[in-house]
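Q: So here's data-v6.txt, just compact mmCIF, C-alpha atoms:
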# COMPACT_ATOMS: atom_id res chain seq x y z
CA MET J 1 0.00 0.00 0.00
CA THR J 2 1.28 3.44 -0.89
CA TRP J 3 0.81 6.46 1.34
CA ALA J 4 0.54 9.87 -0.19
CA ARG J 5 2.28 12.55 1.78
CA ARG J 6 1.23 16.12 1.89
CA SER J 7 4.18 18.40 1.78
CA GLY J 8 4.44 21.14 4.34
CA SER J 9 4.67 23.75 1.61
CA SER J 10 1.29 22.73 0.21
CA LEU J 11 -0.33 23.28 3.59
CA ALA J 12 1.43 26.61 3.93
CA ASN J 13 0.17 27.67 0.50
CA ASP J 14 -3.39 26.74 1.47
CA ASP J 15 -3.08 28.79 4.67
CA ASP J 16 -1.63 31.76 2.76
CA SER J 17 -4.45 31.57 0.24
CA ARG J 18 -7.12 31.51 2.95
CA MET J 19 -5.47 34.40 4.78
CA GLY J 20 -5.39 36.39 1.54
CA VAL J 21 -9.12 35.89 1.12
CA ILE J 22 -9.75 36.87 4.74
CA ARG J 23 -7.62 40.01 4.36
CA ALA J 24 -9.45 41.01 1.17
CA GLU J 25 -12.84 40.52 2.83
CA GLU J 26 -11.70 42.55 5.83
CA ALA J 27 -10.47 45.38 3.56
CA VAL J 28 -13.91 45.53 1.91
CA ARG J 29 -15.66 45.50 5.29
CA LEU J 30 -13.46 48.31 6.62
CA ALA J 31 -13.98 50.40 3.47
CA GLU J 32 -17.76 50.01 3.81
CA GLN J 33 -17.57 50.93 7.49
CA ASN J 34 -15.50 54.02 6.60
CA ASP J 35 -18.10 55.03 4.00
CA ARG J 36 -20.95 54.75 6.51
CA ALA J 37 -19.02 56.77 9.08
CA VAL J 38 -18.18 59.51 6.55
CA LEU J 39 -21.82 59.77 5.51
CA THR J 40 -22.94 59.94 9.14
CA VAL J 41 -20.47 62.71 9.97
CA ALA J 42 -21.39 64.62 6.81
CA GLY J 43 -25.09 64.34 7.63
CA HIS J 44 -24.58 65.80 11.11
CA SER J 45 -22.14 68.58 10.18
CA SER J 46 -23.35 72.14 9.91
CA ASP J 47 -20.97 73.06 7.07
CA VAL J 48 -18.09 71.79 4.95
CA ARG J 49 -15.41 73.11 7.28
CA GLU J 50 -16.91 71.40 10.32
CA CYS J 51 -17.28 68.18 8.35
CA ALA J 52 -13.63 68.26 7.28
CA GLU J 53 -12.49 68.95 10.86
CA LEU J 54 -14.57 66.12 12.29
CA LEU J 55 -13.40 63.68 9.64
CA ALA J 56 -9.78 64.62 10.37
CA MET J 57 -10.29 64.23 14.13
CA LEU J 58 -11.83 60.80 13.61
CA GLY J 59 -9.18 59.70 11.14
CA LEU J 60 -11.72 59.11 8.40
CA ASP J 61 -10.93 59.51 4.72
CA ALA J 62 -13.74 61.01 2.66
CA GLY J 63 -11.74 60.75 -0.57
CA ARG J 64 -11.47 56.98 -0.45
CA ARG J 65 -15.04 55.90 -1.07
CA HIS J 66 -15.78 52.21 -1.54
CA LYS J 67 -17.83 51.56 -4.66
CA THR J 68 -20.57 48.95 -4.50
CA ALA J 69 -22.21 47.39 -7.52
Can the structure from this file be put into structure tokens for me?

A:
Amino acid sequence: MTWARRSGSSLANDDDSRMGVIRAEEAVRLAEQNDRAVLTVAGHSSDVRECAELLAMLGLDAGRRHKTA
């Protein structure tokens, strides 16, 4: 009887591939969360200057909008 061995590098490649997918999904989730936060701040700001100041204080980036289909 012959035993097939899985090489360690194959397992590592599978793990790297799964982590890549997880990182990509997390990047999309964070971009969507940023978009919602920017819209919320913009909706509660009294003017453009206040909006820009609040976004800067919160570390939000209004120029990097996530596009959904």

Q: List the neighbours of Ala42 (chain J) out to 10 Å using all atoms listed in the file; skip same-chain residues closer than 4 positions along the sequence, and give me the result as an MDAnalysis selection string.

A: chainID J and resid 36:38 46:48 50:52 54:55 62

Q: Could you check how far CA of Ala56 (chain J) sits from CA of Asp35 (chain J), in Å to one decimal?

A: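 According to the coordinates, CA of Ala56 (chain J) and CA of Asp35 (chain J) are separated by 14.2 Å.
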
Q: So how far away is CA of Gly59 (chain J) from CA of Ala31 (chain J), in Å?

A: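 About the pair CA of Ala31 (chain J) and CA of Gly59 (chain J): they are 13.0 Å apart.
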
Q: Rounded to one decimal place, report the CA of Thr40 (chain J)-CA of Gly63 (chain J) distance in Å.

A: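 These two atoms are separated by 14.8 Å.
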
Q: Take every atom of region 39-55 of chain J listed in the file, fit an axis-aligned box around them, add 5 Å per side, and give the centre and edge lengths in Å to one decimal as JSON.

A:
{"center_x": -18.8, "center_y": 66.4, "center_z": 8.6, "size_x": 22.6, "size_y": 23.3, "size_z": 17.3}
